Each structure stands twice: as C-alpha cells, then as structure tokens.
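Here the structure comes first, spelled out in structure tokens, and everything after it is commentary.
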Amino acid sequence: MKVTAGPTAPDGTPIDKEALRRKYLEERDKRLRADGNDQYVRLTGQLAHYLDDPYTPVTERAPKTDHVTVAFIGGGFAGLVTGARLKEAGVDDVRILDKAGDFGGTWYWNRYPGAQCDTASFVYMPLLEETGYMPSEKYAHAPEILEHCRRIGRHFGLYDNALFHTEVVDLEWDGSASRWIVRTNRGDAFTAQFVAMGTGPLHVPKLPGIPGIESFAGHSFHTSRWDYAYTGGDASGAPMDRLADKRVAIIGTGATSVQCVPHLARACKELYVFQRTPSSVDVRNNAPTDPEWFAQMATPGWQQRWLDNFTANQTGGHADEDLVMDGWTDLSRRIRSKIMALPREDLTPEKMMAAFEDSDFEKMEEIRSRIDSVVEDPETARGLKAWYRQLCKRPCFHDEYLDAYNEPGTHLVHTDGRGVERITATAVVAAGKEYEVDCIIYASGFEVGTEYTRRAGYDLTGRDGRKLSEHWAEGMRTKHGIHVHGFPNAFLVQPTQGANLISNVPHNLTESGRTIATIIKHALDNDVAEVEVTPEAEEEWVQLLLTGAGRMLGAPDCTPGYYNNEGRDPGPAARLNVGHPQGATAYFRYLDEWRSSGAFEGLELR
Ligand code: NDP
C-alpha cells in the first residue's frame, strides 16, 4: 500500500491544514459584503466619459440599410475566428460589427502598459498556422496580439465589410423573410440571414461605487482606456515620461493591475497601490521564441496538436507529454500527481477532493513564500500574501510585480479587505489615511454576473416576439452554448455550456466558429432558409449539463470576487453556467464528430 504524506511547505515543514482553512475563512469573512455586485457602478451619465475611445477617432459614415448573409457582433477573437472559418468555407458576405475602432476586442481596449497574455501564445493566439505567424514570445505582449487580430482581419478579407465604432442596439427576427433586422447606434437598419454573437465576457468596464468618486478633481481613467496622452509612453513599453512628477493611485490588484504596476512603479514619483484582496502571483518565466526551434516544431497541424495537448493536460484528457509547460499545466499536473499517489482503495470523490486541497495548500504556500524572498519590506510582503485557494480568484503569473514594491516610490496600501473608503477632490482615503494624488487609475475590472443582455447592450427578439431575456429568465439554455430555441439563424460564440475551457478561451471560440461556419455553409448549399435547435434537443443538452459536478470555480467558501458572484449565492440559474460534464477534451471530440457527420442532430433545417 502506498503511504501518502500530508502537504508540506517549500521548506519541508508540514502544513497545518486546519489552521490554514481557518485563516482562509477569516480572510473571506472580512471581505463579504451585503451589496455583492451592486458595490460597482455602471459607467453611465456623468461617468460615461470613462468609456470614450482614446485610441481611434470616430469617423462619420452613412447608415447601412442593405442585406448581408452573416452579421457578426463583436470583432474580437470570436468574430475573427468565425469570420475566418466562414471565408474559408466560401461564405464571403460577412459583416463584423464592433463598438471599438478596429478588430481586437479585449486587445483593442486593453493597451495598458505591460498588458500581456497569460496563456502561452502558441495556444492562445488563434489561426497562427493559417496566417503563418510565429509569436515572438512564449507570452506575447498586447500590441503583438492586437496586430495579430488585424492580421487575421486582413488575411481573411474581414475588413471589407466591417463596421467599427458601431453598437448594436436591437436584433429582431423577421419570420416572414427568415432574416434578422440589425439596428445600431449609428442609424443602421440592415438585414442578415444569419447573426452570430461574440461579445465577450469581460468588456463592460466598471468602477467601484466608492463615496465621492465623482468629486475627484484630478485626472482619472480606467485601465481599459489607458490615457497615454496623460502618462506619456505607449502600449509597446516606451517609458511613461509624464509621470515623473506625479503621485498616482491605482485601485485594484487583479490580473490587470499586476501587469501594469511594474511599469507605473518605474515611472511615477509616488505610486500608491490600493489593495483590497491580494492576487496570487506565481512565476511567469517568459522567454523569446527561438525561430530555429519554431521552424522544426511547426510542422503541418502543429497548432491543433498544441491546442489538444494543452486542453488534455488541463482537463484530464490523455497526454503523454506537456508541450506548453506553464503555470496552468503545472497546476493540473500537481493535482493529478497527488491523486495518482492515493492508494487504490482511497480513490473516492472525497479523498480525491482532499488530495486536490493538499496540492493547493502546497502551491499557495510556495506562492506566499516567494513573496518573502523577493519583497524587502516585511510589512509589505505580509500584505501581499493571498489567503485563499488558487482558483478562488484568477491566478496571476508575473516576474516583476513583486519586485515593483522594492522601488522606493511604490507603496502598497493594504486595506485588509476593506478597500478604499472615500475619494475627495484631491485624495484617496483608505485604512483611515488620506493619500493626496494627481491621478487615479481604476484597475477595477469589468461587469460579470450581470445579465447577458445588459452586458451585450441589446436583447434579441426571436420568433413570435419572444425575448432572449425571457427565454433565459431561469438561466442560460442552449445546445452546445451555441444554439437557442426560438432564435433561428442566430449563434452564440462563447465558452459556457460548451467546453467552458477558461484557461484558454480562444480554443472554445475557434471550435464554435468552425461549427457555425459548417452549418451556415451547409444551409446555403442546400437552400435551407432557417436553422433552429429543437426544444427537445435544447432541453436534453441542459439536462446533460446538470449531470456534471457543477461549477469548478466560484466556491462559496472562497474570498469574494467575480468567480463566486462576490460571495453571494448566485441562485439556481448559475448551476447552468457550466461546461460539458466530461470536460473540454471530450466536448471538443464530440463536437467535431457532431459537425463532421453532417446530420446536425438536434437542429431543424427548414
Ligand atoms: P478584477 O475584477 O480581477 O480586479 C478588480 C480589482 O479591483 C480587484 O483587485 C478588486 O478587489 C479591486 N477593487 C474593487 N473595488 C475596490 C475598492 N472599493 N477598493 C479597493 N479595491 C477595489 O479586474 P482585472 O481588470 O484585474 O481583471 C479582470 C479579468 O480580466 C481577469 O480576471 C482576467 O480574466 C482578465 N485579464 C486577463 C489578463 C491576461 O490574460 N493576460 C490580464 C488582465 C486581465 P477584490 O479582489 O477585493 O474584489
């Protein structure tokens, strides 16, 4: 019989699991608040200017009143990969619309200094093989990813018919003509035989509802609208030379803040980082791509092999090797090896969950002890330690974030879970102290957990006048996360109710895009006017989703955040925000067979 030892800290001392569990709960309790998601304010009215596009001027154009075969809402990865697959399939008449001034989606907006992908470029950046592009680094920086989005747009001719700085305000099904009427904030009212939507999960910036936020008389902006005119420098890393005499506050310490703090620390006279909850920050180990290695590795089909390998390593599929070798696959590998070390008779769900917890304790101890070895000031080091399980919040990976606190002008304002108390005309007040600043940067994230239609900015009116918000009143209902009954010729491109592979969102999108292109091509070739999932097939899929173990992220005993609806019970509807019960690898295999068979089981083609 194998003997399994308990978890140990990096110095070999045994971890007191009970004490750690207690500490995690104490820290969570400090942060629980009654207002949940309502603690954040929407950027409307006086705050609407925070949404202005600082990157591209808006140009006048005449409204569109024509007809297209496919309209795609969203010009990020979802629209680009679906557009590309449609073009490859010979469906030429594709119009992508976006509120931004160009393609790129999240990478259009997020140009803050240091922005970088957190998943290895070889699997994160879509269509590398099709466009013949080699990412310059293991974790590419934002300008390179934005340029890749533009490359996809050019390569597949997606610019020709695109409408930028255009927000869809209404989508209405016209059953008499079997087409959608698309209305926008630019006065467009055109029709489309098919619509697809890839509006992204995190694209509506939000601000914390801190008292006095509107009274601040200095400069302020949200990280997703970086004001380089104020800071100097640029997105590709030129130093922000206008901050040398500035006192700057950054509010928030999530994945965005972790990436831009090192740059601000180098540039500002004084930088105050206002922290409510620390992020877990593991090592990054970025490296430039060796072109010789890439040339040898990138044989036909290479990206699909990498995608399959990453996904298998992440979600329990079978893989003999780990091509990506990073923080994400390390996490899964550790969990797996703890479970594999269990004696055969202990392979019960409870013991496996306990092994998962042991592996998490060890990982988090490692992350916490790294802080002591990097950060010189012990008080700051203490404040930076995250007391929760690694997947309670978005795991971060960075090699300069912790060092930034060794800069003499950089100060962590650790509010011990309370957050910023107040903002005045000249200062940020936290932990009972007033910090006079010239500029406030809000690294306060994006709307999550609000209704899909609110985030999208429009509701869909489907067959017989039924609204998508009505259809989803009890929670999301789809087949494959793509098709919704009552909404013919409309497709969603997003992870939920499909693979739900959060560590590499583009993989979900590529597979959905390929599927949708196959269906549309088939419909066009066979004079099919309408494609719609049957109510039975939708229900069957929903029931299948409910057989799974439930949501992997968002445990109620986690520290509050957007993963767990800010610590509040999300209600029964959230039970449907899951993926295929057998995991991403199984789902992708199933979807491939489903679409390749050409039967499109569960869809009615009429
Ligand atoms: P987050 O929502 O993760 O972070 C918001 C931050 O604001 C949190 O630290 C939050 O604290 C803090 N905050 C909110 N209210 C207050 C307050 N009153 N006082 C002090 N602090 C406050 O947003 P991000 O933009 O950092 O990240 C959003 C997501 O975008 C990530 O989770 C990730 O999915 C994605 N992302 C991906 C990147 C990549 O792949 N490279 C890079 C950046 C982002 P608290 O934690 O206590 O709520």
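Residues in the structure tokens are numbered from 1 in each chain, the chains being A, B, ... in the order shown, and ligands are numbered from 1 in the order shown.
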Show me which residues sit within 6 Å of ligand 1 when counting only C-alpha atoms and all ligand atoms, and put them as a PyMOL selection string.
chain A and resi 116-118+208+210+251-257+274-277+394+419-420+443-446+561
Neighbouring residues of segment 40-48 of chain A were defined as those with any atom within 6 Å, considering only C-alpha atoms; residues of the same chain fewer than 4 positions away were excluded. Please report them as a ChimeraX atom specification.
/A:206-209
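Proximity ranking of A:His522, A:Arg606, A:Lys23, A:Arg422 relative to Ala386 of chain A places A:Lys23 first, based on only C-alpha atoms.
With atom CA of Tyr230 of chain A on one side and atom CA of Cys439 of chain A on the other, the separation reads 9.4 Å.
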Show me, as a PDB file with C-alpha atoms, in the first residue's frame, the residues that have an atom within 8 Å of Thr515 of chain A when counting only C-alpha atoms, minus same-chain residues fewer than 2 positions from it.
ATOM      1  CA  GLU A 511     -14.285  25.358 -32.259  1.00  0.00           C
ATOM      2  CA  SER A 512     -17.591  27.250 -32.165  1.00  0.00           C
ATOM      3  CA  GLY A 513     -16.548  29.304 -35.193  1.00  0.00           C
ATOM      4  CA  ALA A 517     -19.286  28.048 -40.491  1.00  0.00           C
ATOM      5  CA  THR A 518     -20.012  24.387 -41.293  1.00  0.00           C
ATOM      6  CA  ILE A 519     -23.719  24.826 -40.519  1.00  0.00           C
ATOM      7  CA  LEU A 591     -18.429  18.498 -31.305  1.00  0.00           C
ATOM      8  CA  ASP A 592     -16.058  17.526 -34.086  1.00  0.00           C
ATOM      9  CA  ARG A 595     -20.450  18.659 -37.065  1.00  0.00           C
TER      10      ARG A 595
END
I'd like the neighbourhood of Phe397 of chain A as a PyMOL selection string, where a residue qualifies if any of its atoms comes within 6 Å (using only C-alpha atoms), though same-chain residues fewer than 2 positions away should be ignored.
chain A and resi 281-284
Please produce a file of the residues just selected, as a compact mmCIF listing (two decimals), in the first residue's frame, where the atoms kept are all heavy atoms.
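Saved as result13.txt:
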# COMPACT_ATOMS: atom_id res chain seq x y z
N VAL A 281 0.33 35.48 -7.12
CA VAL A 281 1.20 35.78 -8.26
C VAL A 281 2.33 34.76 -8.32
O VAL A 281 3.26 34.78 -7.53
CB VAL A 281 1.77 37.22 -8.17
CG1 VAL A 281 2.57 37.55 -9.43
CG2 VAL A 281 0.65 38.24 -7.97
N ASP A 282 2.20 33.86 -9.27
CA ASP A 282 3.20 32.79 -9.43
C ASP A 282 4.24 33.23 -10.47
O ASP A 282 4.05 34.25 -11.15
CB ASP A 282 2.47 31.51 -9.90
CG ASP A 282 3.25 30.25 -9.57
OD1 ASP A 282 4.39 30.37 -9.08
OD2 ASP A 282 2.72 29.15 -9.81
N VAL A 283 5.29 32.44 -10.64
CA VAL A 283 6.33 32.82 -11.61
C VAL A 283 5.79 32.78 -13.05
O VAL A 283 4.90 32.00 -13.36
CB VAL A 283 7.58 31.91 -11.52
CG1 VAL A 283 8.36 32.17 -10.26
CG2 VAL A 283 7.19 30.45 -11.64
N ARG A 284 6.36 33.61 -13.88
CA ARG A 284 5.93 33.74 -15.26
C ARG A 284 6.84 32.94 -16.21
O ARG A 284 6.39 32.18 -17.05
CB ARG A 284 5.93 35.23 -15.63
CG ARG A 284 5.85 35.62 -17.08
CD ARG A 284 4.47 35.56 -17.68
NE ARG A 284 3.86 34.26 -17.51
CZ ARG A 284 2.56 34.03 -17.64
NH1 ARG A 284 1.75 35.01 -17.91
NH2 ARG A 284 2.06 32.82 -17.49
Near Glu540 of chain A, within 12 Å and counting only C-alpha atoms, which residues show up once chain neighbours fewer than 3 positions away are dropped, as number ranges by chain?
A: 477-480, 533-537, 543-547, 601-602
